[in-house]
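Engineer: File follows, work-v4.cif with mmCIF, C-alpha atoms and all ligand atoms:
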data_query
loop_
_atom_site.label_atom_id
_atom_site.label_comp_id
_atom_site.auth_asym_id
_atom_site.auth_seq_id
_atom_site.Cartn_x
_atom_site.Cartn_y
_atom_site.Cartn_z
CA MET A 1 -4.01 -22.99 16.26
CA ALA A 2 -0.83 -22.20 14.36
CA PRO A 3 2.15 -24.19 15.62
CA PRO A 4 3.45 -22.37 18.76
CA LEU A 5 6.99 -22.30 17.35
CA LEU A 6 5.86 -20.50 14.20
CA THR A 7 3.95 -17.93 16.22
CA ALA A 8 6.89 -17.37 18.55
CA LEU A 9 9.30 -17.05 15.64
CA ALA A 10 7.08 -14.52 13.88
CA ALA A 11 6.83 -12.46 17.06
CA LEU A 12 10.61 -12.53 17.41
CA THR A 13 11.30 -11.53 13.81
CA LEU A 14 8.77 -8.73 13.78
CA ALA A 15 9.22 -7.70 17.40
CA PRO A 16 8.90 -3.90 16.91
CA LEU A 17 5.71 -4.33 14.89
CA VAL A 18 4.05 -7.16 16.74
CA LEU A 19 4.54 -6.04 20.33
CA ALA A 20 2.45 -2.92 19.79
CA THR A 21 -0.66 -4.93 18.93
CA PRO A 22 -1.17 -8.46 20.27
CA ALA A 23 -0.99 -11.06 17.50
CA THR A 24 -4.49 -12.16 16.59
CA LEU A 25 -5.04 -15.50 14.88
CA LEU A 26 -7.74 -15.61 12.22
CA PRO A 27 -9.51 -18.73 10.93
CA CYS A 28 -8.92 -20.03 7.41
CA GLY A 29 -11.10 -23.09 7.03
CA ALA A 30 -9.98 -25.48 9.76
CA ALA A 31 -6.62 -23.71 10.19
CA SER A 32 -5.61 -20.54 12.03
CA TYR A 33 -3.12 -18.01 10.77
CA LEU A 34 -1.33 -14.79 11.63
CA PRO A 35 -2.53 -12.07 9.23
CA THR A 36 0.94 -10.51 9.36
CA GLU A 37 2.38 -13.76 7.97
CA TYR A 38 -0.27 -15.25 5.68
CA VAL A 39 -3.12 -14.38 3.34
CA CYS A 40 -6.21 -16.65 3.30
CA TYR A 41 -8.01 -17.28 0.00
CA ASN A 42 -11.55 -18.65 -0.29
CA ASN A 43 -11.47 -19.78 3.35
CA ARG A 44 -9.25 -22.55 2.04
CA THR A 45 -5.75 -21.68 0.84
CA LEU A 46 -3.05 -20.08 2.99
CA CYS A 47 -0.28 -18.19 1.17
CA PRO A 48 2.75 -16.95 3.08
CA ILE A 49 3.63 -13.27 2.79
CA ILE A 50 7.20 -12.97 1.52
CA ASN A 51 9.03 -9.91 2.77
CA SER A 52 5.72 -8.11 3.18
CA LEU A 53 4.71 -8.80 -0.44
CA PRO A 54 1.30 -10.49 -0.28
CA LEU A 55 1.02 -13.45 -2.63
CA SER A 56 -1.93 -13.99 -4.94
CA HIS A 57 -3.88 -17.16 -5.46
CA CYS A 58 -4.15 -18.75 -8.93
CA PRO A 59 -7.54 -20.48 -8.65
CA PRO A 60 -7.37 -23.22 -11.31
CA SER A 61 -4.08 -24.68 -10.04
CA GLY A 62 -4.32 -23.46 -6.44
CA GLY A 63 -0.84 -22.00 -6.67
CA CYS A 64 0.42 -19.06 -4.65
CA TYR A 65 2.50 -16.52 -6.50
CA ALA A 66 3.81 -12.97 -6.24
CA PRO A 67 2.27 -10.79 -9.00
CA GLN A 68 5.72 -9.17 -9.17
CA GLN A 69 7.13 -12.53 -10.30
CA PHE A 70 4.40 -14.29 -12.32
CA SER A 71 1.05 -13.74 -13.93
CA CYS A 72 -1.71 -16.33 -13.55
CA ASP A 73 -3.51 -17.80 -16.57
CA ALA A 74 -7.08 -17.84 -15.28
CA ALA A 75 -8.07 -20.65 -17.69
CA THR A 76 -5.24 -23.12 -17.12
CA GLY A 77 -3.78 -22.03 -13.79
CA GLU A 78 -0.38 -21.78 -15.43
CA LEU A 79 2.07 -19.30 -13.93
CA ARG A 80 3.83 -17.21 -16.55
CA THR A 81 7.00 -15.13 -16.29
CA LEU A 82 6.50 -11.39 -16.69
CA PRO A 83 7.95 -9.64 -19.76
CA GLU A 84 11.35 -8.04 -19.34
CA ALA A 85 11.37 -4.25 -19.20
CA ALA A 86 12.62 -3.02 -22.60
CA GLY A 87 15.94 -1.18 -22.41
CA ASP A 88 14.56 2.26 -23.24
CA ARG A 89 11.57 2.13 -20.90
CA PRO A 90 11.95 3.99 -17.59
CA PHE A 91 10.98 2.66 -14.19
CA VAL A 92 11.36 3.45 -10.53
CA LEU A 93 12.46 0.81 -8.03
CA THR A 94 10.38 0.21 -4.91
CA ALA A 95 11.68 -1.69 -1.91
CA TRP A 96 9.78 -4.47 -0.15
CA GLY A 97 10.85 -5.90 3.17
CA THR A 98 9.76 -6.21 6.75
CA ARG A 99 10.60 -2.70 7.92
CA SER A 100 8.05 0.09 7.60
CA ALA A 101 11.00 2.54 7.37
CA TYR A 102 11.55 1.49 3.75
CA ARG A 103 8.64 -0.75 2.78
CA GLY A 104 6.93 0.64 -0.33
CA LYS A 105 9.45 3.47 -0.65
CA GLU A 106 11.40 4.24 -3.79
CA VAL A 107 15.10 3.60 -4.20
CA ASN A 108 16.96 6.91 -4.22
CA ALA A 109 20.31 8.03 -5.62
CA CYS A 110 22.63 10.16 -3.48
CA GLY A 111 26.37 10.34 -2.97
CA GLY A 112 27.13 7.65 -5.55
CA TYR A 113 24.97 4.98 -3.86
CA LEU A 114 21.43 3.68 -4.32
CA ALA A 115 19.65 3.49 -0.99
CA ILE A 116 16.27 3.08 0.70
CA GLY A 117 14.69 4.29 3.90
CA ALA A 118 13.03 7.37 5.36
CA ASN A 119 16.43 9.08 5.36
CA ALA A 120 17.61 7.93 1.94
CA ARG A 121 17.83 11.21 0.05
CA VAL A 122 17.57 11.76 -3.68
CA CYS A 123 20.23 14.28 -4.69
CA THR A 124 19.41 15.87 -8.04
CA GLY A 125 20.62 18.94 -9.86
CA CYS A 126 19.40 20.38 -13.13
CA PRO A 127 21.88 20.36 -16.01
CA LYS A 128 21.57 24.04 -16.84
CA GLY A 129 21.63 25.45 -20.34
CA ARG A 130 21.05 22.15 -22.13
CA GLU A 131 18.49 21.98 -24.88
CA GLY A 132 15.22 20.07 -24.64
CA VAL A 133 15.48 19.39 -20.93
CA ASP A 134 12.62 19.87 -18.50
CA CYS A 135 14.06 19.24 -15.08
CA GLY A 136 10.64 19.20 -13.48
CA GLU A 137 9.26 16.28 -15.50
CA TYR A 138 10.10 13.46 -13.12
CA GLY A 139 9.75 15.57 -10.00
CA GLY A 140 13.24 14.78 -8.75
CA ARG A 141 12.66 11.03 -8.51
CA THR A 142 15.33 8.44 -9.20
CA VAL A 143 14.38 6.91 -12.56
CA PHE A 144 16.14 3.89 -14.09
CA ARG A 145 16.15 2.15 -17.45
CA GLY A 146 16.78 -1.49 -18.27
CA ASP A 147 19.81 -0.59 -20.42
CA GLY A 148 21.61 0.77 -17.38
CA ARG A 149 20.87 4.45 -17.94
CA MET A 150 19.25 6.63 -15.34
CA VAL A 151 16.38 8.97 -16.30
CA SER A 152 15.00 9.16 -19.81
CA CYS A 153 16.49 11.66 -22.16
CA ARG A 154 17.60 11.74 -25.76
CA CYS A 155 20.80 13.48 -24.94
CA PRO A 156 24.52 12.82 -25.32
CA TRP A 157 25.21 12.92 -21.62
CA GLY A 158 23.78 10.67 -19.00
CA GLN A 159 24.34 8.58 -15.92
CA TYR A 160 24.43 4.83 -15.44
CA TRP A 161 23.65 2.50 -12.57
CA TYR A 162 25.55 -0.71 -11.92
CA ILE A 163 26.49 -3.41 -9.44
CA HIS A 164 30.07 -3.00 -8.25
CA PRO A 165 31.75 -6.38 -8.82
CA SER A 166 33.90 -6.23 -5.68
CA ASP A 167 31.12 -6.24 -3.08
CA GLY A 168 27.86 -6.19 -5.06
CA VAL A 169 26.85 -2.72 -3.89
CA LEU A 170 24.45 -0.77 -6.15
CA LYS A 171 26.04 2.45 -7.36
CA TYR A 172 25.80 4.98 -10.17
CA THR A 173 28.33 6.89 -12.23
CA ASP A 174 29.12 10.57 -12.46
CA VAL A 175 27.44 12.51 -15.24
CA LEU A 176 28.83 11.82 -18.67
CA VAL A 177 30.18 15.02 -20.18
CA PRO A 178 31.12 14.86 -23.86
CA PRO A 179 33.40 13.97 -25.53
CA ALA A 180 32.13 10.50 -24.69
CA THR A 181 35.06 8.77 -26.38
CA THR A 182 37.31 9.36 -23.38
CA TRP A 183 34.64 8.52 -20.88
CA VAL A 184 35.04 4.78 -20.54
CA ASP A 185 38.76 5.20 -19.85
CA GLU A 186 38.12 7.83 -17.23
CA ARG A 187 35.29 5.95 -15.56
CA PRO A 188 35.92 2.20 -15.62
CA GLU A 189 32.69 1.61 -13.70
CA ARG A 190 30.79 2.41 -16.91
CA GLN A 191 31.80 -1.05 -18.17
CA TRP A 192 29.78 -2.77 -15.45
CA THR A 193 26.56 -1.05 -16.50
CA GLY A 194 23.79 -3.42 -17.45
CA ARG A 195 25.71 -6.50 -16.34
CA GLY A 196 24.08 -9.08 -14.17
CA THR A 197 20.60 -7.61 -13.71
CA THR A 198 17.21 -8.11 -15.32
CA ALA A 199 14.20 -5.90 -14.62
CA TYR A 200 10.73 -7.29 -15.33
CA GLU A 201 7.79 -5.04 -16.21
CA ASN A 202 6.13 -4.14 -12.93
CA GLY A 203 8.06 -7.07 -11.53
CA PHE A 204 11.22 -7.87 -9.63
CA LEU A 205 14.65 -6.57 -10.37
CA VAL A 206 16.71 -9.75 -10.42
CA ALA A 207 20.48 -10.00 -10.03
CA ASP A 208 22.30 -12.99 -11.51
CA GLY A 209 22.69 -15.76 -8.98
CA ALA A 210 20.62 -13.91 -6.37
CA PRO A 211 17.03 -14.60 -7.29
CA HIS A 212 14.72 -11.82 -6.21
CA TYR A 213 16.69 -10.82 -3.13
CA PHE A 214 18.93 -7.89 -2.46
CA LYS A 215 20.34 -7.08 0.94
CA ALA A 216 19.81 -3.71 2.56
CA CYS A 217 22.52 -2.65 5.00
CA LEU A 218 22.12 0.21 7.46
CA ARG A 219 24.57 3.07 7.00
CA THR A 220 24.94 6.47 8.64
CA HIS A 221 25.43 9.36 6.26
CA LEU A 222 28.69 11.27 6.37
CA GLY A 223 28.38 13.95 9.03
CA GLY A 224 25.40 12.26 10.61
CA GLY A 225 25.55 11.30 14.26
CA VAL A 226 24.70 7.76 15.31
CA GLY A 227 20.96 7.30 15.05
CA THR A 228 20.48 10.19 12.63
CA GLY A 229 20.43 10.45 8.86
CA ARG A 230 20.52 6.70 8.36
CA ALA A 231 19.64 4.85 5.21
CA TRP A 232 20.01 1.31 3.87
CA ARG A 233 22.45 0.75 1.02
CA LEU A 234 21.55 -2.01 -1.41
CA TYR A 235 23.69 -4.99 -2.39
CA ALA A 236 23.23 -7.88 -4.77
CA THR A 237 23.90 -11.06 -2.83
CA SER A 238 23.68 -14.75 -3.49
CA ASN A 239 23.43 -15.58 0.20
CA TRP A 240 20.75 -13.64 2.00
CA VAL A 241 20.50 -16.27 4.72
CA ALA A 242 23.92 -15.35 6.12
CA LEU A 243 23.41 -11.60 6.35
CA ASP A 244 25.56 -9.26 8.42
CA ALA A 245 24.03 -7.94 11.65
CA ASP A 246 22.93 -4.64 10.11
CA CYS A 247 21.61 -6.12 6.84
CA GLU A 248 18.16 -7.38 5.88
CA PRO A 249 16.76 -9.13 2.82
CA VAL A 250 14.64 -6.93 0.56
CA LYS A 251 13.04 -7.25 -2.82
CA LEU A 252 13.13 -4.51 -5.44
CA VAL A 253 10.16 -4.04 -7.75
CA ALA A 254 10.51 -2.15 -11.05
CA THR A 255 7.39 -0.03 -11.52
CA MET A 256 7.15 1.33 -15.06
CA VAL A 257 6.66 5.09 -15.47
CA ASP A 258 5.96 7.19 -18.57
CA ALA A 259 8.90 8.20 -20.75
CA LYS A 260 9.44 11.94 -20.42
CA MET A 261 12.04 14.42 -21.46
CA GLY A 262 13.01 15.13 -17.87
CA ALA A 263 16.70 15.02 -17.23
CA TYR A 264 18.72 16.01 -14.25
CA GLU A 265 21.97 14.97 -12.68
CA TYR A 266 22.30 12.84 -9.57
CA HIS A 267 25.04 13.94 -7.20
C1 LIG A 301 -14.67 -21.55 6.68
O1 LIG A 301 -14.43 -22.93 6.84
C2 LIG A 301 -14.81 -23.44 8.12
C3 LIG A 301 -14.35 -24.90 8.21
O2 LIG A 301 -14.61 -25.58 7.03
C4 LIG A 301 -16.32 -23.28 8.29
O3 LIG A 301 -16.70 -23.76 9.56
C5 LIG A 301 -16.68 -21.82 8.15
O4 LIG A 301 -18.08 -21.65 8.20
C6 LIG A 301 -16.16 -21.25 6.85
N1 LIG A 301 -16.36 -19.82 6.81
C7 LIG A 301 -16.90 -19.22 5.75
C8 LIG A 301 -17.03 -17.73 5.86
O5 LIG A 301 -17.25 -19.81 4.75
#
Before we go any further, please render this structure as structure tokens.
Structural biologist:
Amino acid sequence: MAPPLLTALAALTLAPLVLATPATLLPCGAASYLPTEYVCYNNRTLCPIINSLPLSHCPPSGGCYAPQQFSCDAATGELRTLPEAAGDRPFVLTAWGTRSAYRGKEVNACGGYLAIGANARVCTGCPKGREGVDCGEYGGRTVFRGDGRMVSCRCPWGQYWYIHPSDGVLKYTDVLVPPATTWVDERPERQWTGRGTTAYENGFLVADGAPHYFKACLRTHLGGGVGTGRAWRLYATSNWVALDADCEPVKLVATMVDAKMGAYEYH
């Protein structure tokens, strides 16, 4: 049997999910485990599931690892860091955490903030009358690049995502309209673009000093009544243990997508 305390704690943490179906312990060799909390490899090795991300098993060394953090050398068992996403390569961000409301869903841009959840909208508009732009290419998704730009276009305008230094919230800028020379003065937030984050290819987005974790905090949209139109805003944090009441730890995974000429504006 799993230790009673561990079982009780898991039931408490995942109360809305676990109460619906009674927790069933499965055998893994001589041990028992909760399939919502662990993965069993070869009837031998138990790996904890971190924020709903199942870990893989690296057979030669026996190590557990998240494929979004390391790759496993099948010959030596060595865990290797994933390559960084090159600055000009586009990716979407997918959220991983305990809640089904946002687990596996893409990070969206709306109202100046990056957010997750069933009610996190993506607010795009097509920049009309601009050459070489196909607004349908990315299907209205929120697409990032490692250099801080959003979407992929060879064009003089653009938008940038950044971590606001005052509270760590993930935001994005207005659309850049030429002449660009005056832009930095008008929009000081542009200077924070690309600071403090590293995206790995099909791996975690990592903020300096906050390894692998972001916090997601529940917010109600403007004009939305309590309990409606709610989404989780994202923050870089170095202390996910001491979260506010309406915040939860999540991980963000950068999934690479093809470079296209799609370009639209996020509002
Ligand atoms: C798993 O391990 C246990 C204990 O060693 C053993 O009794 C059981 O037969 C094994 N199951 C499988 C499918 O190998």
Engineer: Give the answer as one residue: which of A:Ala86, A:Cys217, A:Leu46, A:Ala231 has the shortest atom-to-atom distance to Asn119 (chain A), using all atoms listed in the file?
Structural biologist: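 Among the listed residues, the smallest separation from Asn119 (chain A) belongs to A:Ala231.
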Engineer: Env of Ala207 (chain A): 10 Å cut, atoms = only C-alpha atoms, seq-sep filter 5 positions within chain, self excluded. Answer as JSON, numbers by chain.
Structural biologist: {"A": [163, 168, 195, 196, 197, 198, 199, 212, 213, 214, 235, 236, 237, 238]}
Engineer: Would you mind listing what lies within 7 Å of Arg80 (chain A) as a PyMOL selection string, with only C-alpha atoms counted and same-chain residues fewer than 4 positions away left out?
Structural biologist: chain A and resi 70-72
Engineer: For those residues, write C-alpha atoms to a file as a PDB file, in the coordinates of the input.
Structural biologist:
ATOM      1  CA  PHE A  70       4.400 -14.290 -12.320  1.00  0.00           C
ATOM      2  CA  SER A  71       1.050 -13.740 -13.930  1.00  0.00           C
ATOM      3  CA  CYS A  72      -1.710 -16.330 -13.550  1.00  0.00           C
TER       4      CYS A  72
END
Engineer: Please report as a Markdown table every residue of chain A lying within 9 Å of ligand LIG 301 (chain A), along with the nearest atom pair and their distance in Å (one decimal), using all atoms listed in the file.
Structural biologist:
| residue | atom | partner | partner_atom | distance |
| --- | --- | --- | --- | --- |
| A:Pro27 | CA | A:LIG301 | C1 | 7.3 |
| A:Cys28 | CA | A:LIG301 | C1 | 6.0 |
| A:Gly29 | CA | A:LIG301 | O1 | 3.3 |
| A:Ala30 | CA | A:LIG301 | C3 | 4.7 |
| A:Ala31 | CA | A:LIG301 | C3 | 8.1 |
| A:Asn42 | CA | A:LIG301 | O5 | 7.7 |
| A:Asn43 | CA | A:LIG301 | C1 | 4.9 |
| A:Arg44 | CA | A:LIG301 | O1 | 7.1 |
Engineer: So, counting all atoms listed in the file, which residue among A:Gly117, A:Gly140, A:Gly194, A:Gly146 is closest to Leu218 (chain A)?
Structural biologist: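 Using all atoms listed in the file, Leu218 (chain A) sits closest to A:Gly117.
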Engineer: Go through A:Ala101, A:Ile116, A:Ala109, A:Leu93 and flag the residue nearest Phe204 (chain A), using all atoms listed in the file for the distances.
Structural biologist: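 Among the listed residues, the smallest separation from Phe204 (chain A) belongs to A:Leu93.
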